[in-house]
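Quick look at input.cif (mmCIF, C-alpha atoms (C1' of nucleotides)):
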```cif
data_work
#
loop_
_atom_site.label_atom_id
_atom_site.label_comp_id
_atom_site.auth_asym_id
_atom_site.auth_seq_id
_atom_site.Cartn_x
_atom_site.Cartn_y
_atom_site.Cartn_z
CA MET A 1 -1.70 -4.21 3.52
CA PRO A 2 -3.90 -1.88 5.31
CA GLU A 3 -6.76 0.13 4.01
CA LEU A 4 -9.48 1.71 6.09
CA PRO A 5 -11.11 -1.53 7.30
CA GLU A 6 -7.81 -3.02 8.46
CA VAL A 7 -6.76 0.15 10.27
CA GLU A 8 -10.21 0.49 11.83
CA THR A 9 -10.03 -3.12 13.02
CA VAL A 10 -6.65 -2.54 14.63
CA VAL A 11 -7.93 0.64 16.27
CA ARG A 12 -11.03 -1.04 17.72
CA GLY A 13 -9.00 -3.92 19.05
CA LEU A 14 -6.40 -1.68 20.64
CA ARG A 15 -8.87 0.75 22.13
CA ASP A 16 -10.31 -1.85 24.51
CA GLN A 17 -6.83 -2.91 25.52
CA ILE A 18 -4.76 0.19 26.09
CA VAL A 19 -6.99 3.12 27.03
CA GLY A 20 -6.13 4.14 30.57
CA LYS A 21 -2.79 2.37 30.61
CA LYS A 22 0.44 4.11 31.49
CA ILE A 23 3.47 4.13 29.25
CA GLN A 24 6.57 2.87 31.02
CA GLY A 25 9.12 3.14 28.28
CA VAL A 26 9.88 3.26 24.56
CA VAL A 27 12.51 1.31 22.65
CA LEU A 28 13.32 2.17 19.03
CA SER A 29 15.22 0.24 16.38
CA ASP A 30 18.08 1.93 14.57
CA LYS A 31 16.45 1.65 11.14
CA LYS A 32 14.28 4.49 10.08
CA LEU A 33 10.75 4.12 8.79
CA ARG A 34 9.19 6.39 6.17
CA LYS A 35 10.03 9.29 8.45
CA GLN A 36 12.69 9.66 11.06
CA TYR A 37 11.45 9.12 14.61
CA PRO A 38 10.97 12.45 16.40
CA SER A 39 13.62 13.06 19.04
CA ASN A 40 11.02 13.35 21.80
CA LEU A 41 9.32 10.02 21.12
CA SER A 42 10.90 8.43 24.17
CA ALA A 43 9.75 11.31 26.34
CA ILE A 44 6.17 9.99 26.41
CA ALA A 45 7.12 7.62 29.24
CA GLY A 46 4.93 8.41 32.23
CA SER A 47 1.93 9.47 30.14
CA ARG A 48 -1.36 7.64 30.02
CA VAL A 49 -3.39 6.59 26.95
CA VAL A 50 -6.58 8.63 26.67
CA SER A 51 -8.02 7.44 23.35
CA VAL A 52 -7.34 5.38 20.24
CA GLU A 53 -8.83 6.64 17.00
CA ARG A 54 -8.45 6.49 13.23
CA ARG A 55 -8.14 9.26 10.67
CA SER A 56 -7.68 8.09 7.09
CA LYS A 57 -5.24 5.16 7.36
CA TYR A 58 -3.53 6.63 10.42
CA ILE A 59 -3.86 5.25 13.95
CA LEU A 60 -4.02 8.04 16.53
CA ILE A 61 -3.13 7.20 20.12
CA THR A 62 -3.78 10.29 22.22
CA LEU A 63 -2.00 10.67 25.55
CA ASN A 64 -2.93 12.69 28.61
CA ASN A 65 -0.04 15.07 27.96
CA ASN A 66 -1.83 15.97 24.69
CA ASP A 67 0.71 14.25 22.48
CA VAL A 68 -0.64 11.92 19.81
CA ILE A 69 1.29 8.85 18.77
CA VAL A 70 0.62 8.59 15.04
CA VAL A 71 1.09 5.19 13.41
CA HIS A 72 0.75 4.34 9.73
CA LEU A 73 1.08 0.69 8.73
CA GLY A 74 2.36 1.30 5.20
CA MET A 75 2.16 -1.93 3.21
CA SER A 76 3.46 -4.44 5.71
CA GLY A 77 3.15 -2.87 9.17
CA LYS A 78 1.73 -4.66 12.20
CA LEU A 79 0.79 -3.12 15.51
CA LEU A 80 0.60 -5.86 18.11
CA PHE A 81 -0.39 -5.69 21.74
CA GLY A 82 0.08 -8.33 24.40
CA SER A 83 2.07 -9.59 27.32
CA LYS A 84 4.05 -12.22 25.45
CA ILE A 85 4.91 -10.96 22.01
CA PRO A 86 7.97 -12.83 20.76
CA GLU A 87 10.84 -10.75 19.44
CA ASN A 88 10.75 -10.59 15.67
CA LYS A 89 12.89 -9.45 12.81
CA HIS A 90 11.73 -5.98 11.75
CA ASP A 91 10.44 -4.93 15.17
CA HIS A 92 10.93 -1.16 15.16
CA VAL A 93 9.09 0.37 18.10
CA LYS A 94 8.30 -1.24 21.43
CA ILE A 95 6.19 0.70 23.91
CA SER A 96 5.83 -0.93 27.32
CA LEU A 97 2.59 -0.46 29.23
CA GLY A 98 3.17 -2.26 32.51
CA SER A 99 3.42 -5.98 31.91
CA GLU A 100 2.26 -5.65 28.31
CA ASN A 101 3.84 -4.26 25.17
CA LEU A 102 2.72 -2.44 22.06
CA VAL A 103 5.04 -3.47 19.24
CA TYR A 104 5.32 -1.99 15.76
CA ASN A 105 6.79 -4.42 13.23
CA ASP A 106 7.24 -3.55 9.56
CA PRO A 107 9.47 -5.47 7.13
CA ARG A 108 9.20 -3.03 4.24
CA ARG A 109 9.36 0.10 6.41
CA PHE A 110 6.85 2.04 4.32
CA GLY A 111 4.96 2.85 7.52
CA LEU A 112 5.69 5.46 10.15
CA VAL A 113 5.52 6.10 13.87
CA THR A 114 5.67 9.68 15.01
CA LEU A 115 4.50 12.07 17.69
CA ILE A 116 2.40 15.18 17.07
CA PRO A 117 0.81 17.52 19.62
CA ALA A 118 -2.99 17.08 19.52
CA ASN A 119 -3.54 20.75 18.74
CA ASP A 120 -1.26 20.57 15.71
CA LEU A 121 -2.76 17.46 14.12
CA GLU A 122 -5.02 19.17 11.60
CA LYS A 123 -2.35 21.50 10.32
CA ASN A 124 0.31 18.81 10.20
CA GLU A 125 1.53 17.94 6.71
CA LEU A 126 0.26 14.36 7.09
CA PHE A 127 -3.30 15.51 7.75
CA CYS A 128 -3.85 18.98 6.34
CA GLU A 129 -4.70 17.84 2.80
CA LEU A 130 -6.78 14.79 3.59
CA GLY A 131 -10.22 14.42 2.05
CA ILE A 132 -13.45 13.17 3.49
CA GLU A 133 -13.99 10.07 5.63
CA PRO A 134 -16.13 7.74 3.51
CA LEU A 135 -18.12 6.39 6.46
CA THR A 136 -19.72 9.72 7.29
CA ASP A 137 -23.05 11.22 6.24
CA GLU A 138 -21.19 14.10 4.61
CA PHE A 139 -19.80 11.65 2.07
CA ASP A 140 -22.62 11.56 -0.48
CA TYR A 141 -23.03 11.87 -4.23
CA LYS A 142 -23.28 15.65 -4.04
CA TYR A 143 -19.86 15.81 -2.45
CA LEU A 144 -18.47 13.57 -5.20
CA LYS A 145 -20.28 15.43 -7.93
CA LYS A 146 -18.48 18.68 -7.11
CA LEU A 147 -15.11 16.93 -7.00
CA VAL A 148 -15.30 14.88 -10.19
CA LYS A 149 -16.02 17.95 -12.28
CA ASN A 150 -13.30 18.38 -14.91
CA LYS A 151 -11.35 15.44 -13.52
CA THR A 152 -9.63 13.38 -16.17
CA GLY A 153 -7.67 10.25 -15.37
CA THR A 154 -9.62 7.23 -14.12
CA ILE A 155 -12.33 6.85 -11.50
CA LYS A 156 -10.26 4.17 -9.81
CA THR A 157 -7.28 6.40 -9.14
CA PHE A 158 -9.70 9.14 -8.17
CA ILE A 159 -11.35 7.16 -5.36
CA MET A 160 -7.92 5.98 -4.18
CA ASN A 161 -6.66 9.55 -3.89
CA ALA A 162 -6.68 10.57 -0.22
CA LYS A 163 -7.02 14.22 -1.24
CA TYR A 164 -10.60 13.40 -2.19
CA ILE A 165 -11.62 10.31 -0.18
CA VAL A 166 -9.48 8.69 2.48
CA GLY A 167 -9.12 5.02 3.30
CA VAL A 168 -9.92 3.43 -0.07
CA GLY A 169 -6.90 1.50 -1.31
CA ASN A 170 -6.24 -0.94 -4.11
CA ILE A 171 -8.44 -3.79 -2.90
CA TYR A 172 -11.51 -1.82 -1.94
CA ALA A 173 -11.32 0.39 -5.01
CA SER A 174 -11.72 -2.67 -7.27
CA GLU A 175 -14.41 -4.15 -5.03
CA SER A 176 -16.43 -0.92 -4.77
CA LEU A 177 -16.37 -0.28 -8.51
CA PHE A 178 -17.58 -3.82 -9.13
CA TYR A 179 -20.62 -3.37 -6.91
CA ALA A 180 -21.27 0.05 -8.43
CA GLY A 181 -21.16 -1.48 -11.94
CA ILE A 182 -18.61 1.11 -13.06
CA ASP A 183 -15.63 0.43 -15.31
CA PRO A 184 -12.48 1.42 -13.35
CA MET A 185 -11.09 3.19 -16.45
CA ARG A 186 -14.01 5.61 -16.71
CA LYS A 187 -13.24 9.30 -16.56
CA PRO A 188 -14.47 10.72 -13.22
CA SER A 189 -16.23 13.66 -14.88
CA SER A 190 -18.25 11.27 -17.06
CA LEU A 191 -20.16 9.66 -14.16
CA THR A 192 -23.88 10.39 -13.96
CA ASP A 193 -25.67 11.28 -10.73
CA SER A 194 -27.09 7.80 -10.52
CA GLU A 195 -23.64 6.26 -10.96
CA LEU A 196 -22.17 8.54 -8.31
CA LYS A 197 -24.92 7.47 -5.93
CA LYS A 198 -24.19 3.83 -6.59
CA LEU A 199 -20.49 4.45 -6.12
CA VAL A 200 -20.95 6.15 -2.74
CA ASP A 201 -23.27 3.40 -1.65
CA SER A 202 -20.88 0.65 -2.78
CA ILE A 203 -17.85 2.19 -1.11
CA LYS A 204 -19.70 2.44 2.20
CA LYS A 205 -21.10 -1.07 1.96
CA VAL A 206 -17.80 -2.68 1.03
CA LEU A 207 -15.87 -0.89 3.76
CA ILE A 208 -18.45 -1.74 6.41
CA ALA A 209 -18.63 -5.38 5.34
CA ALA A 210 -14.83 -5.58 5.46
CA ILE A 211 -14.73 -4.08 8.95
CA ASP A 212 -17.37 -6.59 10.03
CA SER A 213 -15.04 -9.37 8.84
CA GLY A 214 -12.02 -7.92 10.64
CA GLY A 215 -10.34 -6.69 7.43
CA SER A 216 -8.56 -8.57 4.65
CA THR A 217 -5.36 -10.52 5.17
CA LEU A 218 -3.34 -11.09 2.02
CA ARG A 219 -0.02 -11.65 3.68
CA ASP A 220 1.10 -9.38 6.50
CA TYR A 221 -1.97 -7.83 8.00
CA VAL A 222 -3.11 -9.00 11.42
CA ARG A 223 -5.22 -7.45 14.16
CA SER A 224 -3.55 -6.14 17.29
CA ASN A 225 -4.10 -9.55 18.93
CA GLY A 226 -2.44 -11.37 16.04
CA ASP A 227 -5.62 -12.74 14.43
CA VAL A 228 -5.94 -12.60 10.65
CA GLY A 229 -8.86 -10.93 8.90
CA GLY A 230 -11.61 -12.72 7.01
CA PHE A 231 -12.76 -10.44 4.22
CA GLN A 232 -10.30 -11.89 1.69
CA HIS A 233 -12.76 -14.77 1.43
CA GLU A 234 -15.49 -12.35 0.34
CA PHE A 235 -13.68 -10.67 -2.56
CA ALA A 236 -15.84 -10.41 -5.67
CA VAL A 237 -13.05 -9.45 -8.06
CA TYR A 238 -9.77 -8.60 -6.30
CA GLY A 239 -7.12 -11.20 -7.14
CA LYS A 240 -9.65 -13.19 -9.17
CA LYS A 241 -8.32 -12.77 -12.69
CA GLY A 242 -9.69 -15.53 -14.92
CA GLU A 243 -12.32 -16.66 -12.41
CA SER A 244 -16.02 -16.33 -13.13
CA CYS A 245 -17.89 -13.16 -12.19
CA LYS A 246 -20.32 -14.06 -9.43
CA LEU A 247 -23.09 -12.06 -11.10
CA CYS A 248 -22.79 -13.01 -14.78
CA GLY A 249 -20.15 -15.72 -15.09
CA THR A 250 -17.87 -13.70 -17.37
CA LYS A 251 -14.15 -14.14 -16.70
CA ILE A 252 -12.76 -11.45 -14.41
CA ALA A 253 -10.26 -9.23 -16.18
CA MET A 254 -7.11 -7.58 -14.86
CA VAL A 255 -5.51 -4.37 -16.04
CA ARG A 256 -2.85 -2.13 -14.57
CA ILE A 257 -4.00 1.36 -13.72
CA ALA A 258 -1.36 3.78 -12.47
CA GLY A 259 0.89 0.81 -11.80
CA ARG A 260 -1.63 -1.05 -9.65
CA SER A 261 -3.38 -4.32 -10.49
CA THR A 262 -7.06 -3.70 -11.08
CA PHE A 263 -9.73 -6.37 -11.31
CA TYR A 264 -13.15 -6.02 -12.90
CA CYS A 265 -15.91 -7.66 -14.90
CA ASN A 266 -16.15 -6.07 -18.31
CA LYS A 267 -19.75 -7.15 -18.70
CA CYS A 268 -21.10 -5.95 -15.33
CA GLN A 269 -18.99 -2.78 -15.24
CA LYS A 270 -19.59 -0.15 -17.89
"C1'" DC B 271 -2.39 22.33 -12.46
"C1'" DA B 272 -3.27 17.47 -13.08
"C1'" DC B 273 -1.69 13.30 -14.08
"C1'" DA B 274 1.73 9.19 -14.77
"C1'" DC B 275 5.44 6.92 -12.92
"C1'" DA B 276 9.52 5.77 -10.21
"C1'" DA B 277 11.24 5.28 -5.77
"C1'" DC B 278 11.20 3.82 -1.14
"C1'" DC B 279 12.00 -1.58 1.12
"C1'" DT B 280 11.78 -6.76 2.09
"C1'" DG B 281 9.86 -11.25 1.25
"C1'" DC B 282 7.73 -14.76 -1.21
"C1'" DG B 283 5.97 -17.70 -4.88
"C1'" DA B 284 6.54 -19.07 -9.68
"C1'" DG B 285 9.36 -20.68 -13.15
"C1'" DC B 286 13.57 -22.43 -14.77
"C1'" DT C 287 18.32 -26.89 -4.12
"C1'" DG C 288 18.91 -22.39 -5.74
"C1'" DC C 289 18.71 -18.72 -8.77
"C1'" DT C 290 16.07 -14.64 -10.99
"C1'" DC C 291 11.91 -12.23 -11.83
"C1'" DG C 292 7.78 -10.06 -10.73
"C1'" DC C 293 4.68 -8.65 -7.57
"C1'" DA C 294 2.56 -7.09 -2.90
"C1'" DG C 295 -3.08 -3.58 1.51
"C1'" DG C 296 0.78 3.04 0.48
"C1'" DT C 297 2.65 7.48 -0.12
"C1'" DT C 298 5.45 10.94 -2.10
"C1'" DG C 299 8.65 13.32 -5.07
"C1'" DT C 300 9.78 14.16 -9.87
"C1'" DG C 301 8.91 14.88 -14.54
"C1'" DT C 302 5.84 15.84 -18.50
#
```
Whole structure, structure tokens version:
Amino acid sequence: MPELPEVETVVRGLRDQIVGKKIQGVVLSDKKLRKQYPSNLSAIAGSRVVSVERRSKYILITLNNNDVIVVHLGMSGKLLFGSKIPENKHDHVKISLGSENLVYNDPRRFGLVTLIPANDLEKNELFCELGIEPLTDEFDYKYLKKLVKNKTGTIKTFIMNAKYIVGVGNIYASESLFYAGIDPMRKPSSLTDSELKKLVDSIKKVLIAAIDSGGSTLRDYVRSNGDVGGFQHEFAVYGKKGESCKLCGTKIAMVRIAGRSTFYCNKCQK
DNA sequence: CACACAACCTGCGAGC
DNA sequence: TGCTCGCAGGTTGTGT
């Protein structure tokens, strides 16, 4: 489910709700997520939440003991907060904060919940090889120009690779390339300066617009208060195989690139 | 090294 | 009603 806009939406919603609150206890399910829970996860009881932030598609909940609860939603993860969250199949982590609970639910268990000391975050294996945040000023066409040099493969898999740019997943890759007018199969090294500029611009615009709509809900994704997102109604190409391109009317095409469905207009995207 | 692909899981909709 | 098949917002390990 969750690409940068969805994770950012969860983070913004949670931040208002849990900063300053004290953790009373932690309950874990017996099934393991992508990684085993660390043995000291339950030891955070008694600590207070200092901040809630996002890095790449990870949610970072920093505590006043300098531990960071790291949550990744995988494909189907939900992080819900409230006083009356009903018990559900696939609940894996329940953190009580007074009368309210923070619950991690994930049917497919591709996500993870772990604990990393704040000082070790950057050198941790999950974070040490991550690329640039796309919604920063440092992400510009010059940055991309250096990286795409000699890169074969396709521009779509390139922009989805977190080693280069974080947060862009399968939906927003298709959407960004549509607005940039670039064929997803193009070789990264073949893009001109002007195309790289359009690509940077489109990625930023699409991600910001999606955040403004509270993310995209296909199936599982919800905000921390349970609300669904709205950006799925704004898709230009994703999931629209056979429908008319909103710019030129040509039927939207679908191909599989690196095993992922990819949608584009073969007239608007060259 | 750089890339393609399978594997990790469960659930759901389509088609028979 | 009930089966099987294919597919789903991600990441990572393996093989070429």
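With distances restricted to only C-alpha atoms (C1' of nucleotides), A:Pro2 is the closest residue to chain C from A:Gly82, A:Pro2, A:Pro38, A:Gly25.
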Selection in question (the file shown): the PyMOL selection byres ((chain C and resi 297-302) around 12). Which residues does it include, as a PDB file with C-alpha atoms (C1' of nucleotides), keeping the file's coordinate frame?
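See result.pdb below for the written result:
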```pdb
ATOM      1  CA  ARG A  34       9.190   6.390   6.170  1.00  0.00           C
ATOM      2  CA  LYS A  35      10.030   9.290   8.450  1.00  0.00           C
ATOM      3  CA  LYS A  57      -5.240   5.160   7.360  1.00  0.00           C
ATOM      4  CA  HIS A  72       0.750   4.340   9.730  1.00  0.00           C
ATOM      5  CA  LEU A  73       1.080   0.690   8.730  1.00  0.00           C
ATOM      6  CA  GLY A  74       2.360   1.300   5.200  1.00  0.00           C
ATOM      7  CA  MET A  75       2.160  -1.930   3.210  1.00  0.00           C
ATOM      8  CA  ARG A 109       9.360   0.100   6.410  1.00  0.00           C
ATOM      9  CA  PHE A 110       6.850   2.040   4.320  1.00  0.00           C
ATOM     10  CA  GLY A 111       4.960   2.850   7.520  1.00  0.00           C
ATOM     11  CA  LEU A 112       5.690   5.460  10.150  1.00  0.00           C
ATOM     12  CA  GLU A 125       1.530  17.940   6.710  1.00  0.00           C
ATOM     13  CA  LEU A 126       0.260  14.360   7.090  1.00  0.00           C
ATOM     14  CA  MET A 160      -7.920   5.980  -4.180  1.00  0.00           C
ATOM     15  CA  ASN A 161      -6.660   9.550  -3.890  1.00  0.00           C
ATOM     16  CA  ALA A 162      -6.680  10.570  -0.220  1.00  0.00           C
ATOM     17  CA  LYS A 163      -7.020  14.220  -1.240  1.00  0.00           C
ATOM     18  CA  GLY A 169      -6.900   1.500  -1.310  1.00  0.00           C
TER      19      GLY A 169
ATOM     20  C1'  DA B 272      -3.270  17.470 -13.080  1.00  0.00           C
ATOM     21  C1'  DC B 273      -1.690  13.300 -14.080  1.00  0.00           C
ATOM     22  C1'  DA B 274       1.730   9.190 -14.770  1.00  0.00           C
ATOM     23  C1'  DC B 275       5.440   6.920 -12.920  1.00  0.00           C
ATOM     24  C1'  DA B 276       9.520   5.770 -10.210  1.00  0.00           C
ATOM     25  C1'  DA B 277      11.240   5.280  -5.770  1.00  0.00           C
ATOM     26  C1'  DC B 278      11.200   3.820  -1.140  1.00  0.00           C
TER      27       DC B 278
ATOM     28  C1'  DG C 296       0.780   3.040   0.480  1.00  0.00           C
TER      29       DG C 296
END
```
**OP:** Would you translate the PyMOL selection byres ((chain A and resi 21) around 10) into the concrete set of residues it matches in this file, as a PyMOL selection string?
**Re:** chain A and resi 17-20+22-24+46-50+63+96-98+100
**OP:** Run the PyMOL selection byres ((chain A) within 7 of (chain B)) against the file shown and list the residues it catches, as an NGL selection string.
**Re:** :A and (107-109 or 153 or 258)
Just-selected residues, C-alpha atoms written as a compact mmCIF listing (two decimals), in the coordinates of the input:
```txt
# COMPACT_ATOMS: atom_id res chain seq x y z
CA PRO A 107 9.47 -5.47 7.13
CA ARG A 108 9.20 -3.03 4.24
CA ARG A 109 9.36 0.10 6.41
CA GLY A 153 -7.67 10.25 -15.37
CA ALA A 258 -1.36 3.78 -12.47
```
Original post:
Which of these, A:Ile171, A:Cys265, A:Val7, A:Ile44, has the shortest distance to chain C once you count only C-alpha atoms (C1' of nucleotides)?
Top reply: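 For chain C, the nearest of the given residues is A:Ile171.
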Original post:
How many Å separate CA of Ile208 (chain A) from CA of Val228 (chain A)?
Top reply: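 Distance between the two atoms: 17.1 Å.
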Region 6-24 of chain A, all listed atoms, 4 Å padding on each side: what axis-aligned box centre and edge lengths in Å to one decimal come out, as AutoDock Vina command-line options?
```
--center_x -2.2 --center_y 0.1 --center_z 20.0 --size_x 25.6 --size_y 16.1 --size_z 31.0
```
**OP:** Pick out the closest residue to chain C from this set: A:Arg186, A:Arg256, A:Lys197, A:Arg219. Count only C-alpha atoms (C1' of nucleotides).
**Re:**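 With only C-alpha atoms (C1' of nucleotides) as the atom set, the closest residue is A:Arg219.
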Original post:
Which one is closest to Asn40 (chain A): A:Asp67, A:Asp16, A:Glu6, A:Asp227? Count only C-alpha atoms.
Top reply: A:Asp67
List the neighbours of Val10 (chain A) out to 9 Å using all atoms listed in the file; skip same-chain residues closer than 6 positions along the sequence, and give me the result as a short mmCIF file (atom, residue, chain, number, x, y, z; two decimals) with C-alpha atoms, in the coordinates of the input.
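After the write, part_17.cif holds the following:
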```
data_model
loop_
_atom_site.label_atom_id
_atom_site.label_comp_id
_atom_site.auth_asym_id
_atom_site.auth_seq_id
_atom_site.Cartn_x
_atom_site.Cartn_y
_atom_site.Cartn_z
CA ILE A 59 -3.86 5.25 13.95
CA LYS A 78 1.73 -4.66 12.20
CA LEU A 79 0.79 -3.12 15.51
CA LEU A 80 0.60 -5.86 18.11
CA GLY A 214 -12.02 -7.92 10.64
CA VAL A 222 -3.11 -9.00 11.42
CA ARG A 223 -5.22 -7.45 14.16
CA SER A 224 -3.55 -6.14 17.29
CA ASN A 225 -4.10 -9.55 18.93
#
```
**OP:** Figure out the distance between CA of Ile116 (chain A) and CA of Lys204 (chain A), please, to one decimal in Å.
**Re:**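 That distance, rounded to one decimal, is 29.5 Å.
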Subject >> Distance criterion (all atoms listed in the file): nearest to chain C out of A:Tyr179, A:Tyr221, A:Tyr141, A:Phe231 >> reply: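 Comparing A:Tyr179, A:Tyr221, A:Tyr141, A:Phe231 against chain C, the winner is A:Tyr221.
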Original post:
In Å, with one decimal, what is the gap from CA of Thr114 (chain A) to CA of Tyr58 (chain A)?
Top reply: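 We find that CA of Thr114 (chain A) and CA of Tyr58 (chain A) lie 10.7 Å from each other.
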